[in-house]
>>> print(open('target_39.cif').read())   # mmCIF, C-alpha atoms
data_protein
loop_
_atom_site.group_PDB
_atom_site.id
_atom_site.type_symbol
_atom_site.label_atom_id
_atom_site.label_comp_id
_atom_site.auth_asym_id
_atom_site.auth_seq_id
_atom_site.Cartn_x
_atom_site.Cartn_y
_atom_site.Cartn_z
ATOM 1 C CA MET A 26 16.481 -94.876 -43.025
ATOM 2 C CA ASP A 27 14.094 -92.150 -41.974
ATOM 3 C CA PHE A 28 11.621 -90.369 -44.218
ATOM 4 C CA ASN A 29 13.872 -87.379 -44.990
ATOM 5 C CA THR A 30 16.765 -89.498 -46.248
ATOM 6 C CA ASN A 31 14.461 -91.552 -48.450
ATOM 7 C CA PHE A 32 12.844 -88.389 -49.786
ATOM 8 C CA ILE A 33 16.233 -86.883 -50.631
ATOM 9 C CA LEU A 34 17.366 -90.106 -52.325
ATOM 10 C CA GLY A 35 14.173 -90.199 -54.397
ATOM 11 C CA CYS A 36 14.597 -86.588 -55.441
ATOM 12 C CA SER A 37 18.244 -87.318 -56.297
ATOM 13 C CA ALA A 38 17.104 -90.127 -58.579
ATOM 14 C CA ILE A 39 14.627 -87.788 -60.300
ATOM 15 C CA GLY A 40 17.375 -85.195 -60.654
ATOM 16 C CA ALA A 41 19.692 -87.804 -62.153
ATOM 17 C CA GLY A 42 17.022 -88.721 -64.677
ATOM 18 C CA LEU A 43 16.602 -85.072 -65.587
ATOM 19 C CA ALA A 44 20.371 -84.626 -65.881
ATOM 20 C CA VAL A 45 20.757 -87.314 -68.545
ATOM 21 C CA ILE A 46 18.273 -85.456 -70.760
ATOM 22 C CA ALA A 47 21.497 -83.658 -71.710
ATOM 23 C CA GLY A 48 22.044 -86.661 -73.984
ATOM 24 C CA ILE A 49 19.578 -85.236 -76.521
ATOM 25 C CA GLY A 50 21.949 -82.486 -77.616
ATOM 26 C CA PRO A 51 24.961 -84.654 -78.459
ATOM 27 C CA GLY A 52 22.649 -87.155 -80.167
ATOM 28 C CA VAL A 53 21.320 -84.528 -82.549
ATOM 29 C CA GLY A 54 24.771 -83.018 -83.021
ATOM 30 C CA GLN A 55 26.453 -86.330 -83.780
ATOM 31 C CA GLY A 56 23.690 -87.214 -86.187
ATOM 32 C CA ILE A 57 24.165 -83.962 -88.058
ATOM 33 C CA ALA A 58 27.931 -84.526 -88.179
ATOM 34 C CA ALA A 59 27.484 -88.072 -89.491
ATOM 35 C CA GLY A 60 24.953 -86.869 -92.067
ATOM 36 C CA TYR A 61 27.292 -84.244 -93.452
ATOM 37 C CA ALA A 62 30.146 -86.753 -93.411
ATOM 38 C CA ALA A 63 28.051 -89.165 -95.492
ATOM 39 C CA ASN A 64 27.290 -86.281 -97.835
ATOM 40 C CA ALA A 65 30.986 -85.467 -98.146
ATOM 41 C CA VAL A 66 31.924 -89.108 -98.838
ATOM 42 C CA GLY A 67 29.260 -89.166 -101.547
ATOM 43 C CA ARG A 68 30.838 -86.171 -103.237
ATOM 44 C CA ASN A 69 34.451 -87.197 -102.784
ATOM 45 C CA PRO A 70 34.833 -90.938 -102.081
ATOM 46 C CA GLY A 71 38.629 -90.645 -102.312
ATOM 47 C CA ALA A 72 38.826 -88.616 -99.085
ATOM 48 C CA LYS A 73 36.876 -91.182 -97.080
ATOM 49 C CA SER A 74 39.519 -91.849 -94.400
ATOM 50 C CA ASP A 75 40.168 -88.142 -93.783
ATOM 51 C CA ILE A 76 36.453 -87.440 -93.535
ATOM 52 C CA THR A 77 35.911 -90.319 -91.129
ATOM 53 C CA GLY A 78 38.726 -89.121 -88.867
ATOM 54 C CA THR A 79 37.435 -85.560 -88.804
ATOM 55 C CA MET A 80 33.898 -86.747 -88.178
ATOM 56 C CA LEU A 81 34.903 -88.959 -85.248
ATOM 57 C CA LEU A 82 36.974 -86.161 -83.698
ATOM 58 C CA GLY A 83 34.129 -83.677 -84.004
ATOM 59 C CA GLN A 84 31.615 -86.155 -82.657
ATOM 60 C CA ALA A 85 33.786 -86.976 -79.670
ATOM 61 C CA VAL A 86 34.099 -83.285 -78.855
ATOM 62 C CA ALA A 87 30.355 -82.766 -79.264
ATOM 63 C CA GLU A 88 29.759 -85.667 -76.892
ATOM 64 C CA THR A 89 31.289 -83.742 -73.970
ATOM 65 C CA THR A 90 28.143 -81.916 -72.892
ATOM 66 C CA GLY A 91 26.227 -85.182 -72.738
ATOM 67 C CA LEU A 92 28.981 -86.695 -70.640
ATOM 68 C CA TYR A 93 28.761 -83.818 -68.175
ATOM 69 C CA GLY A 94 25.086 -84.660 -67.707
ATOM 70 C CA LEU A 95 26.003 -88.317 -67.220
ATOM 71 C CA LEU A 96 28.630 -87.409 -64.622
ATOM 72 C CA ILE A 97 26.145 -85.316 -62.677
ATOM 73 C CA ALA A 98 23.628 -88.167 -62.766
ATOM 74 C CA MET A 99 26.243 -90.619 -61.504
ATOM 75 C CA ILE A 100 27.346 -88.273 -58.731
ATOM 76 C CA LEU A 101 23.715 -87.811 -57.667
ATOM 77 C CA ILE A 102 23.049 -91.550 -57.568
ATOM 78 C CA PHE A 103 26.272 -93.090 -56.323
ATOM 79 C CA VAL A 104 28.027 -90.378 -54.321
ATOM 80 C CA LYS A 105 24.729 -89.049 -52.844
ATOM 81 C CA PRO A 106 26.066 -85.575 -51.999
ATOM 82 C CA LEU A 107 22.665 -84.281 -50.846
ATOM 83 C CA ALA A 108 21.879 -87.131 -48.449
ATOM 84 C CA LYS A 109 24.929 -86.543 -46.248
ATOM 85 C CA MET B 6 15.799 -105.394 -53.778
ATOM 86 C CA ASP B 7 13.457 -103.402 -51.551
ATOM 87 C CA MET B 8 15.064 -100.095 -52.470
ATOM 88 C CA GLY B 9 14.752 -100.314 -56.228
ATOM 89 C CA ILE B 10 17.306 -101.303 -58.804
ATOM 90 C CA LEU B 11 19.664 -98.371 -58.646
ATOM 91 C CA LEU B 12 20.056 -98.205 -54.913
ATOM 92 C CA SER B 13 20.464 -101.937 -54.521
ATOM 93 C CA ALA B 14 23.358 -101.478 -56.902
ATOM 94 C CA ASP B 15 25.531 -100.673 -53.915
ATOM 95 C CA ASN B 16 25.443 -104.294 -52.797
ATOM 96 C CA GLU B 17 25.693 -106.239 -56.039
ATOM 97 C CA VAL B 18 27.193 -104.044 -58.738
ATOM 98 C CA ASP B 19 30.828 -103.289 -58.285
ATOM 99 C CA PHE B 20 32.555 -100.617 -60.309
ATOM 100 C CA MET B 21 33.824 -98.361 -57.548
ATOM 101 C CA ILE B 22 37.447 -97.747 -56.713
ATOM 102 C CA HIS B 23 38.427 -99.831 -53.691
ATOM 103 C CA GLY B 24 41.084 -98.991 -51.171
ATOM 104 C CA ILE B 25 43.538 -101.846 -50.637
ATOM 105 C CA PHE B 26 45.538 -100.523 -47.704
ATOM 106 C CA SER B 27 46.207 -97.132 -46.218
ATOM 107 C CA TYR B 28 49.294 -95.597 -44.714
ATOM 108 C CA SER B 29 50.136 -92.365 -42.979
ATOM 109 C CA PHE B 30 51.931 -89.795 -45.108
ATOM 110 C CA PHE B 31 53.019 -86.785 -43.030
ATOM 111 C CA GLY B 32 49.889 -87.095 -40.920
ATOM 112 C CA HIS B 33 47.509 -87.626 -43.850
ATOM 113 C CA GLN B 34 45.816 -90.940 -44.416
ATOM 114 C CA VAL B 35 46.692 -92.019 -47.958
ATOM 115 C CA TRP B 36 45.084 -94.997 -49.671
ATOM 116 C CA ILE B 37 46.602 -97.365 -52.172
ATOM 117 C CA THR B 38 43.633 -98.172 -54.401
ATOM 118 C CA THR B 39 42.760 -100.518 -57.250
ATOM 119 C CA THR B 40 43.660 -97.689 -59.632
ATOM 120 C CA HIS B 41 47.260 -97.719 -58.436
ATOM 121 C CA VAL B 42 47.483 -101.484 -58.795
ATOM 122 C CA CYS B 43 45.956 -101.546 -62.287
ATOM 123 C CA CYS B 44 48.108 -98.599 -63.346
ATOM 124 C CA LEU B 45 51.161 -100.472 -62.074
ATOM 125 C CA ILE B 46 50.184 -103.613 -63.996
ATOM 126 C CA VAL B 47 49.717 -101.579 -67.187
ATOM 127 C CA LEU B 48 53.016 -99.755 -66.697
ATOM 128 C CA LEU B 49 54.960 -102.937 -65.918
ATOM 129 C CA SER B 50 53.604 -104.719 -68.976
ATOM 130 C CA LEU B 51 54.409 -101.679 -71.131
ATOM 131 C CA MET B 52 57.924 -101.570 -69.649
ATOM 132 C CA LEU B 53 58.395 -105.260 -70.395
ATOM 133 C CA PHE B 54 57.170 -104.685 -73.946
ATOM 134 C CA GLY B 55 59.473 -101.681 -74.323
ATOM 135 C CA PHE B 56 62.432 -103.647 -72.994
ATOM 136 C CA LEU B 57 61.795 -106.530 -75.405
ATOM 137 C CA ALA B 58 61.242 -104.118 -78.300
ATOM 138 C CA GLY B 59 64.448 -102.248 -77.517
ATOM 139 C CA ARG B 60 66.444 -105.464 -77.321
ATOM 140 C CA LYS B 61 64.950 -106.654 -80.592
ATOM 141 C CA MET B 62 65.714 -103.367 -82.374
ATOM 142 C CA LYS B 63 69.342 -103.460 -81.221
ATOM 143 C CA HIS B 64 69.823 -106.543 -83.362
ATOM 144 C CA ALA B 65 67.358 -105.476 -86.052
ATOM 145 C CA ASP B 66 67.218 -107.439 -89.271
ATOM 146 C CA GLU B 67 67.540 -105.886 -92.685
ATOM 147 C CA VAL B 68 64.222 -107.352 -93.743
ATOM 148 C CA PRO B 69 61.821 -107.058 -90.763
ATOM 149 C CA GLU B 70 59.572 -109.933 -89.843
ATOM 150 C CA GLY B 71 57.326 -110.928 -86.969
ATOM 151 C CA PHE B 72 57.873 -108.939 -83.801
ATOM 152 C CA GLN B 73 60.124 -106.342 -85.437
ATOM 153 C CA ASN B 74 57.473 -105.720 -88.076
ATOM 154 C CA PHE B 75 54.928 -105.095 -85.335
ATOM 155 C CA ILE B 76 57.170 -102.586 -83.506
ATOM 156 C CA GLU B 77 57.949 -100.716 -86.708
ATOM 157 C CA LEU B 78 54.253 -100.623 -87.582
ATOM 158 C CA ILE B 79 53.377 -99.020 -84.217
ATOM 159 C CA VAL B 80 56.175 -96.452 -84.426
ATOM 160 C CA GLU B 81 55.380 -95.540 -88.020
ATOM 161 C CA LEU B 82 51.663 -95.160 -87.305
ATOM 162 C CA LEU B 83 52.252 -92.901 -84.295
ATOM 163 C CA ASP B 84 54.915 -90.829 -86.069
ATOM 164 C CA GLY B 85 52.656 -90.458 -89.088
ATOM 165 C CA MET B 86 49.778 -89.308 -86.889
ATOM 166 C CA VAL B 87 51.906 -86.704 -85.098
ATOM 167 C CA ASP B 88 53.542 -85.435 -88.305
ATOM 168 C CA GLY B 89 50.221 -85.273 -90.114
ATOM 169 C CA THR B 90 48.662 -83.107 -87.400
ATOM 170 C CA MET B 91 51.534 -80.913 -86.243
ATOM 171 C CA GLY B 92 53.444 -80.510 -89.500
ATOM 172 C CA LYS B 93 57.031 -79.342 -89.177
ATOM 173 C CA ASN B 94 56.816 -79.016 -85.376
ATOM 174 C CA GLY B 95 55.877 -82.674 -85.072
ATOM 175 C CA ALA B 96 59.368 -84.119 -84.669
ATOM 176 C CA ASN B 97 59.790 -82.740 -81.136
ATOM 177 C CA PHE B 98 56.522 -84.192 -79.915
ATOM 178 C CA ARG B 99 56.681 -87.719 -81.351
ATOM 179 C CA ASN B 100 58.003 -89.196 -78.113
ATOM 180 C CA TYR B 101 55.515 -87.487 -75.820
ATOM 181 C CA ILE B 102 52.415 -88.097 -77.925
ATOM 182 C CA GLY B 103 53.476 -91.673 -78.685
ATOM 183 C CA THR B 104 53.975 -92.388 -74.995
ATOM 184 C CA ILE B 105 50.643 -91.016 -73.825
ATOM 185 C CA PHE B 106 48.874 -92.666 -76.783
ATOM 186 C CA ILE B 107 50.185 -96.122 -75.891
ATOM 187 C CA PHE B 108 49.582 -95.603 -72.173
ATOM 188 C CA ILE B 109 45.970 -94.420 -72.563
ATOM 189 C CA LEU B 110 45.181 -97.078 -75.160
ATOM 190 C CA VAL B 111 46.496 -99.947 -73.047
ATOM 191 C CA SER B 112 44.778 -98.496 -69.957
ATOM 192 C CA ASN B 113 41.445 -98.334 -71.769
ATOM 193 C CA LEU B 114 41.818 -101.835 -73.202
ATOM 194 C CA SER B 115 42.786 -103.268 -69.804
ATOM 195 C CA GLY B 116 39.057 -103.411 -69.003
ATOM 196 C CA LEU B 117 38.946 -106.416 -71.319
ATOM 197 C CA LEU B 118 41.344 -108.299 -69.070
ATOM 198 C CA GLY B 119 39.215 -107.783 -65.993
ATOM 199 C CA LEU B 120 41.189 -104.880 -64.573
ATOM 200 C CA ARG B 121 39.415 -101.681 -63.629
ATOM 201 C CA PRO B 122 40.752 -99.271 -66.287
ATOM 202 C CA PRO B 123 43.108 -96.751 -64.619
ATOM 203 C CA THR B 124 41.626 -94.039 -66.850
ATOM 204 C CA ALA B 125 38.227 -94.560 -65.187
ATOM 205 C CA ASP B 126 39.630 -92.621 -62.225
ATOM 206 C CA TYR B 127 39.741 -88.849 -62.380
ATOM 207 C CA GLY B 128 43.041 -89.018 -60.500
ATOM 208 C CA THR B 129 44.640 -90.521 -63.618
ATOM 209 C CA THR B 130 43.097 -88.347 -66.297
ATOM 210 C CA LEU B 131 43.465 -84.990 -64.536
ATOM 211 C CA PRO B 132 47.292 -85.244 -64.491
ATOM 212 C CA LEU B 133 47.181 -86.113 -68.197
ATOM 213 C CA GLY B 134 45.092 -83.000 -68.807
ATOM 214 C CA LEU B 135 47.415 -80.901 -66.660
ATOM 215 C CA MET B 136 50.417 -82.147 -68.652
ATOM 216 C CA THR B 137 48.686 -80.957 -71.818
ATOM 217 C CA PHE B 138 47.928 -77.625 -70.136
ATOM 218 C CA THR B 139 51.564 -77.198 -69.093
ATOM 219 C CA LEU B 140 52.762 -77.937 -72.610
ATOM 220 C CA ILE B 141 50.290 -75.437 -74.097
ATOM 221 C CA PHE B 142 51.318 -72.751 -71.625
ATOM 222 C CA PHE B 143 55.049 -73.411 -72.049
ATOM 223 C CA ASN B 144 54.901 -73.361 -75.840
ATOM 224 C CA LYS B 145 52.765 -70.239 -75.858
ATOM 225 C CA LEU B 146 55.345 -68.407 -73.749
ATOM 226 C CA LYS B 147 58.208 -69.845 -75.800
ATOM 227 C CA TYR B 148 56.901 -69.015 -79.260
ATOM 228 C CA GLN B 149 54.633 -66.015 -78.767
ATOM 229 C CA LYS B 150 56.739 -64.464 -75.971
ATOM 230 C CA VAL B 151 55.134 -62.586 -73.069
ATOM 231 C CA SER B 152 53.894 -59.760 -75.289
ATOM 232 C CA GLY B 153 52.072 -62.130 -77.645
ATOM 233 C CA PHE B 154 50.666 -64.025 -74.665
ATOM 234 C CA ILE B 155 49.180 -60.860 -73.166
ATOM 235 C CA LYS B 156 47.935 -59.762 -76.578
ATOM 236 C CA GLY B 157 46.202 -63.107 -77.015
ATOM 237 C CA LEU B 158 44.656 -62.786 -73.575
ATOM 238 C CA CYS B 159 43.026 -59.425 -74.294
ATOM 239 C CA ASP B 160 42.043 -60.581 -77.755
ATOM 240 C CA PRO B 161 39.109 -58.541 -78.982
ATOM 241 C CA TRP B 162 39.163 -56.100 -76.095
ATOM 242 C CA VAL B 163 40.899 -55.634 -72.731
ATOM 243 C CA PHE B 164 37.830 -56.445 -70.663
ATOM 244 C CA TRP B 165 37.532 -59.791 -72.431
ATOM 245 C CA ALA B 166 40.559 -61.086 -70.479
ATOM 246 C CA PRO B 167 38.624 -62.910 -67.693
ATOM 247 C CA ILE B 168 36.635 -64.857 -70.267
ATOM 248 C CA ASN B 169 39.820 -65.826 -72.112
ATOM 249 C CA VAL B 170 41.385 -66.959 -68.825
ATOM 250 C CA ILE B 171 38.342 -69.135 -68.104
ATOM 251 C CA GLY B 172 38.565 -70.531 -71.621
ATOM 252 C CA ASP B 173 42.224 -71.443 -71.056
ATOM 253 C CA ILE B 174 41.531 -73.099 -67.715
ATOM 254 C CA ALA B 175 38.615 -75.072 -69.190
ATOM 255 C CA VAL B 176 40.937 -76.889 -71.614
ATOM 256 C CA PRO B 177 42.558 -79.372 -69.191
ATOM 257 C CA ILE B 178 39.297 -79.883 -67.327
ATOM 258 C CA SER B 179 37.298 -80.632 -70.450
ATOM 259 C CA ILE B 180 39.795 -82.999 -72.071
ATOM 260 C CA SER B 181 40.391 -84.916 -68.841
ATOM 261 C CA LEU B 182 36.667 -85.137 -68.050
ATOM 262 C CA ARG B 183 35.909 -86.350 -71.574
ATOM 263 C CA LEU B 184 38.325 -89.267 -71.294
ATOM 264 C CA PHE B 185 37.278 -90.042 -67.707
ATOM 265 C CA ALA B 186 33.524 -89.964 -68.339
ATOM 266 C CA ASN B 187 33.706 -92.088 -71.473
ATOM 267 C CA ILE B 188 35.719 -94.857 -69.859
ATOM 268 C CA LEU B 189 33.734 -94.635 -66.618
ATOM 269 C CA SER B 190 30.437 -94.939 -68.486
ATOM 270 C CA GLY B 191 31.715 -98.085 -70.202
ATOM 271 C CA THR B 192 32.881 -99.530 -66.885
ATOM 272 C CA VAL B 193 29.580 -98.728 -65.168
ATOM 273 C CA MET B 194 27.551 -100.159 -68.034
ATOM 274 C CA MET B 195 29.462 -103.449 -68.021
ATOM 275 C CA ALA B 196 29.267 -103.647 -64.215
ATOM 276 C CA LEU B 197 25.489 -103.083 -64.351
ATOM 277 C CA ILE B 198 25.066 -105.778 -66.963
ATOM 278 C CA TYR B 199 27.148 -108.318 -65.079
ATOM 279 C CA GLY B 200 25.657 -107.342 -61.722
ATOM 280 C CA LEU B 201 21.953 -107.008 -62.464
ATOM 281 C CA LEU B 202 21.584 -109.391 -65.416
ATOM 282 C CA SER B 203 24.038 -111.975 -64.114
ATOM 283 C CA LYS B 204 21.582 -114.832 -64.819
ATOM 284 C CA ILE B 205 21.374 -114.154 -68.554
ATOM 285 C CA ALA B 206 24.720 -112.467 -69.205
ATOM 286 C CA ILE B 207 26.281 -115.431 -70.997
ATOM 287 C CA ILE B 208 27.936 -114.640 -74.328
ATOM 288 C CA TRP B 209 26.274 -111.529 -75.705
ATOM 289 C CA PRO B 210 28.129 -109.085 -73.369
ATOM 290 C CA ALA B 211 31.158 -109.754 -75.588
ATOM 291 C CA ALA B 212 29.609 -107.508 -78.252
ATOM 292 C CA LEU B 213 29.201 -104.755 -75.671
ATOM 293 C CA HIS B 214 32.827 -105.224 -74.620
ATOM 294 C CA VAL B 215 33.838 -104.624 -78.220
ATOM 295 C CA TYR B 216 31.922 -101.337 -78.229
ATOM 296 C CA PHE B 217 32.541 -99.984 -74.710
ATOM 297 C CA ASP B 218 36.102 -101.156 -74.159
ATOM 298 C CA MET B 219 37.657 -101.382 -77.604
ATOM 299 C CA PHE B 220 35.837 -98.911 -79.875
ATOM 300 C CA SER B 221 35.131 -96.239 -77.290
ATOM 301 C CA GLY B 222 38.560 -96.635 -75.698
ATOM 302 C CA ALA B 223 40.411 -96.380 -79.001
ATOM 303 C CA ILE B 224 38.369 -93.389 -80.166
ATOM 304 C CA GLN B 225 38.883 -91.533 -76.899
ATOM 305 C CA THR B 226 42.625 -92.227 -76.987
ATOM 306 C CA TYR B 227 42.789 -90.839 -80.508
ATOM 307 C CA VAL B 228 40.697 -87.818 -79.537
ATOM 308 C CA PHE B 229 42.812 -87.046 -76.476
ATOM 309 C CA CYS B 230 46.046 -87.145 -78.476
ATOM 310 C CA MET B 231 44.545 -85.223 -81.411
ATOM 311 C CA LEU B 232 43.257 -82.447 -79.149
ATOM 312 C CA THR B 233 46.578 -82.251 -77.309
ATOM 313 C CA MET B 234 48.410 -81.905 -80.615
ATOM 314 C CA THR B 235 45.926 -79.361 -81.970
ATOM 315 C CA TYR B 236 46.139 -77.192 -78.862
ATOM 316 C CA ILE B 237 49.931 -77.356 -78.793
ATOM 317 C CA SER B 238 50.374 -76.489 -82.459
ATOM 318 C CA ASP B 239 47.811 -73.725 -81.969
ATOM 319 C CA ALA B 240 49.971 -72.341 -79.159
ATOM 320 C CA MET B 241 53.047 -72.505 -81.404
ATOM 321 C CA THR B 242 51.702 -70.369 -84.223
ATOM 322 C CA THR B 243 52.916 -66.798 -84.229
ATOM 323 C CA GLU B 244 51.190 -64.038 -86.114
#
>>> encode(input="target_39.cif", output="structure tokens")
Amino acid sequence: MDFNTNFILGCSAIGAGLAVIAGIGPGVGQGIAAGYAANAVGRNPGAKSDITGTMLLGQAVAETTGLYGLLIAMILIFVKPLAK
Amino acid sequence: MDMGILLSADNEVDFMIHGIFSYSFFGHQVWITTTHVCCLIVLLSLMLFGFLAGRKMKHADEVPEGFQNFIELIVELLDGMVDGTMGKNGANFRNYIGTIFIFILVSNLSGLLGLRPPTADYGTTLPLGLMTFTLIFFNKLKYQKVSGFIKGLCDPWVFWAPINVIGDIAVPISISLRLFANILSGTVMMALIYGLLSKIAIIWPAALHVYFDMFSGAIQTYVFCMLTMTYISDAMTTE
């Protein structure tokens, strides 16, 4: 492999690392959702199963932005669109 | 290992879709891949299960036991989930939601059996998302009529229409990408562990299988079906 290809691959790896910083957002968001869910269970222990279901649904939806970052990182590393 | 861990992954770690054989379809080269094979295995086992369940229920006992109990449990759980989310409209959608629930769940869990999960291919999840999109669109036109559809499109203001159109188109993309990326990340993670840590990957990866394949797969199945139901019942409400 010549210098240019290696350089592009290295930059792709850096870009992939930057892309997964997107994981911070969902982490904070899921934590907030879980915190409020714990709060709600504390107030109304009878509704625990409903609260858990709603929490998991909301967390899974909040996870989407992080997954987009992950997808971009994977495309950069394994598909190597820039090195072609 | 002279190119660093991630790039050497191409030789040792294997989570990609592989072509098995290709054929010519009206001049295009079309590949039969591992996804097709795994999808076929999942579908055949589900068909076998459905056939056995149907034969059992034809001669159902008054007091269920064993296999019949299991079938009734599945059907009651799925029907309860659909009715609880969609209310009075639920009865028409029990079959559809139940079918895609079982298919996605078994596909996600098939990673445990050494198959590459069919849902870790965007070619499987995009059609699922497009089916949801079609149902949303159809029910919107059916219940809100064309006038309500156009009114919903220009919701706060007429010039807001392009943004609403983008929002509608984003629905199938986002729900299919969510399912795809979750299952793919689990597949990649397990492949990395088995490929790069193969010397010490003895028993402890089982715990990761429980999380990535079972927990994540079940949650994503539930989320996909819940969102489909929510969007559809949203499309059915008339002002």
>>> closest_residue(input="target_39.cif", among="A:Ile49, A:Met80, A:Leu95, A:Val104", to="Asn64 of chain A", atoms="all atoms listed in the file")
A:Met80
>>> closest_residue(input="target_39.cif", among="A:Gly67, A:Gly83, A:Gly78, A:Gly94", to="Ala47 of chain A", atoms="only C-alpha atoms")
A:Gly94
>>> closest_residue(input="target_39.cif", among="B:Cys159, B:Ile22, B:Phe138, B:Gln225", to="Ile178 of chain B", atoms="all atoms listed in the file")
B:Phe138
>>> closest_residue(input="target_39.cif", among="A:Val53, A:Tyr93, A:Pro106, A:Leu101", to="Ser37 of chain A", atoms="all atoms listed in the file")
A:Leu101
>>> atom_distance(input="target_39.cif", atom1="atom CA of Tyr127 of chain B", atom2="atom CA of Ile180 of chain B")
11.3 Å
>>> closest_residue(input="target_39.cif", among="B:Ile224, B:Val42, B:Ile105, B:Ile207", to="Gln84 of chain A", atoms="all atoms listed in the file")
B:Ile224
>>> interface_residues(input="target_39.cif", of="chain B", to="chain A", cutoff="10 Å", atoms="only C-alpha atoms", output="list in words")
Met8, Leu11, Leu12, Ala14, Asp15, Met21, Ser179, Ile180, Leu182, Arg183, Leu184, Phe185, Ala186, Asn187, Leu189, Ser190, Val193, Ser221, Ile224, Gln225, Tyr227, Val228, Phe229, Met231 and Leu232 of chain B
>>> resolve_selection(input="target_39.cif", expression="the PyMOL selection byres ((chain B and resi 67-84) around 10)", output="ChimeraX atom specification")
/B:54-55,57-59,61-62,64-66,85-89,95-96,98-100,102-104,106-107
